[in-house]
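Everything on this sheet refers to the single structure shown next.
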Amino acid sequence: MPTLVLIRHGQSQWNLENRFTGWWDVDVTEKGAEEARAAGRLMRERGLEFDRCFTSLQTRAIKTLHLALEEMDRLWLPEEKDWHLNERHYGGLTGLDKQDTRDRYGDEQVHIWRRSFDVPPPPMEPGGPYDLSSDPRYAGIDVPQSESLKDTIARVLPYWESRIAPCLKAGERVLISAHGNSLRALVKHLSNIPDDEITGLEIPTGQPIVYELDDTLGATDRYYLADR
Ligand SMILES: O=C(O)[C@@H](CO)OP(=O)(O)O
């Protein structure tokens with residue numbers, strides 16, 4: 001039976017500061033680093049083994065993966081980093097304080113930007129302080145100006161199908177370290193969650209989510225490792 005574990009990065013500096021983050025590359029806090037190490041210790045205690053890891057191009061997810069693997073003595077595992085697993089792009093909201101934005105635009109509008117299925121935040125103006133289009137890690141990639149959850153799903157799922165699902169089908173045990181919304185995309189797909197329900201699913205930082213999958217990668221169970 002294929003093994004799949006998903007983990008959202010540990011607390012980031014902008015989770016702590018309550019700022020819209022998206023593709024901006026903030027680090028984990030010391031608390032976030034400890035969440036990642038604790039996740040690694042838990043996976044080791046439960047005897048989880050992996051053959052391959054996947055993560056985004058963002059420091060908070062990469063570091064979470066490495067801190068967890070270090071606790072498992074598994075830093076040597078092969079890993080693939082890819083922008084398709086990045087957080088949803090927060091457009092022109094990137095860097096703003098979430099509470100200031102509510103005060104300015106109202107709770108309802110901010111809730112739509114944060115948790116609607118298909119309404120993207122306003123686009124990022126090119127050339128602004130958070131514009132990543134000339135960041136070398138995205139060379140050759142059309143960096144989005146903004147993404148809804150629907151847009152995020154539209155780039156996560158082809159990557160899942162082409163890169164991750166074949167490894168699982170070949171019998172590899174897979175660990176994915178990613179972000180609230182790129183993981184929502186995977187959970188929605190694997191657990192068949194309707195559009196209007198997936199937006200309400202909050203994925204906590206640093207908590208390994210275990211998927212039990214059948215041979216066609218249909219989910220037979222999903223649970224937080226800490227709960228069993
Ligand atoms: O700021 C972000 O990029 C995300 C994840 O932290 O926030 P939200 O909870 O609004 O999806």
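Following the order of the structure tokens, first chain is A, next is B, and so on, with residues numbered from 1 inside each chain and ligands from 1 in the order they appear.
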Cut-off 6 Å, only C-alpha atoms and all ligand atoms, neighbours of ligand 1 as a ChimeraX atom specification: /A:15,20-22,114,180
Take the selection from the previous step and output its residues with C-alpha atoms, as an mmCIF file, in the first residue's frame.
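Okay, result-v8.cif is ready:
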data_model
loop_
_atom_site.group_PDB
_atom_site.id
_atom_site.type_symbol
_atom_site.label_atom_id
_atom_site.label_comp_id
_atom_site.auth_asym_id
_atom_site.auth_seq_id
_atom_site.Cartn_x
_atom_site.Cartn_y
_atom_site.Cartn_z
ATOM 1 C CA ASN A 15 2.537 33.730 10.068
ATOM 2 C CA PHE A 20 -0.130 37.926 3.659
ATOM 3 C CA THR A 21 2.777 35.812 2.430
ATOM 4 C CA GLY A 22 2.087 33.769 -0.700
ATOM 5 C CA ARG A 114 -8.518 34.540 1.694
ATOM 6 C CA GLY A 180 -1.524 25.730 3.388
#
Spatial neighbours of range 73-77 of chain A, max dist 10 Å, only C-alpha atoms, sep filter under 3 positions, as a ChimeraX atom specification: /A:40-41,44,49-53,65-70
Those residues you just picked out, can you put them in a file as a PDB file, in the first residue's frame with C-alpha atoms?
ATOM      1  CA  GLY A  40      10.530  14.552  12.450  1.00  0.00           C
ATOM      2  CA  ARG A  41      10.813  12.992  15.903  1.00  0.00           C
ATOM      3  CA  ARG A  44      10.787   8.535  13.531  1.00  0.00           C
ATOM      4  CA  GLU A  49      10.150   5.528   6.320  1.00  0.00           C
ATOM      5  CA  PHE A  50      10.303   7.361   3.012  1.00  0.00           C
ATOM      6  CA  ASP A  51      11.961   6.810  -0.342  1.00  0.00           C
ATOM      7  CA  ARG A  52      11.476  10.267  -1.834  1.00  0.00           C
ATOM      8  CA  CYS A  53      10.556  13.811  -0.755  1.00  0.00           C
ATOM      9  CA  LEU A  65      11.582  19.181   5.343  1.00  0.00           C
ATOM     10  CA  HIS A  66      15.275  19.266   6.217  1.00  0.00           C
ATOM     11  CA  LEU A  67      14.770  19.816   9.947  1.00  0.00           C
ATOM     12  CA  ALA A  68      12.304  16.908  10.066  1.00  0.00           C
ATOM     13  CA  LEU A  69      14.589  14.643   8.016  1.00  0.00           C
ATOM     14  CA  GLU A  70      17.535  15.507  10.229  1.00  0.00           C
TER      15      GLU A  70
END
Selected residue of minimal separation from Gly95 in chain A among A:Ala154, A:Leu168, A:Val26, A:Ala61, counting only C-alpha atoms: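 Between A:Ala154, A:Leu168, A:Val26, A:Ala61, the residue approaching Gly95 in chain A most closely is A:Val26.
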Which of range 3-164 of chain A fall in helix (DSSP H, G or I), as an MDAnalysis selection string: chainID A and resid 13:17 30:45 59:71 83:85 91:93 98:105 107:115 136:138 149:164
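Taking CA of Arg163 in chain A as the reference point, CA of Asn181 in chain A is found at 18.7 Å.
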Pick from A:Ala178, A:Ala170, A:Leu96, A:Leu201 nearest to Ser56 in chain A, counting only C-alpha atoms: A:Ala178
From A:Pro126, A:Pro78, A:Gly106, A:Pro121, residue lying nearest Thr94 in chain A [only C-alpha atoms]: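 Looking at the shortest contact to Thr94 in chain A, the residue is A:Pro121.
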Option closest in space to Thr29 in chain A, from A:Gly218, A:Pro120, A:Gly206, A:Gly128 [counting only C-alpha atoms]: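 Of all the options, A:Gly206 lies closest to Thr29 in chain A.
Remark: for His84 in chain A, the closest of the candidate residues A:Gln13, A:Thr55, A:Ser148, A:Thr220 is A:Thr55 (distances computed over only C-alpha atoms).
Computed from the coordinates, the CA of Ala165 in chain A to CA of Lys150 in chain A distance equals 20.2 Å.
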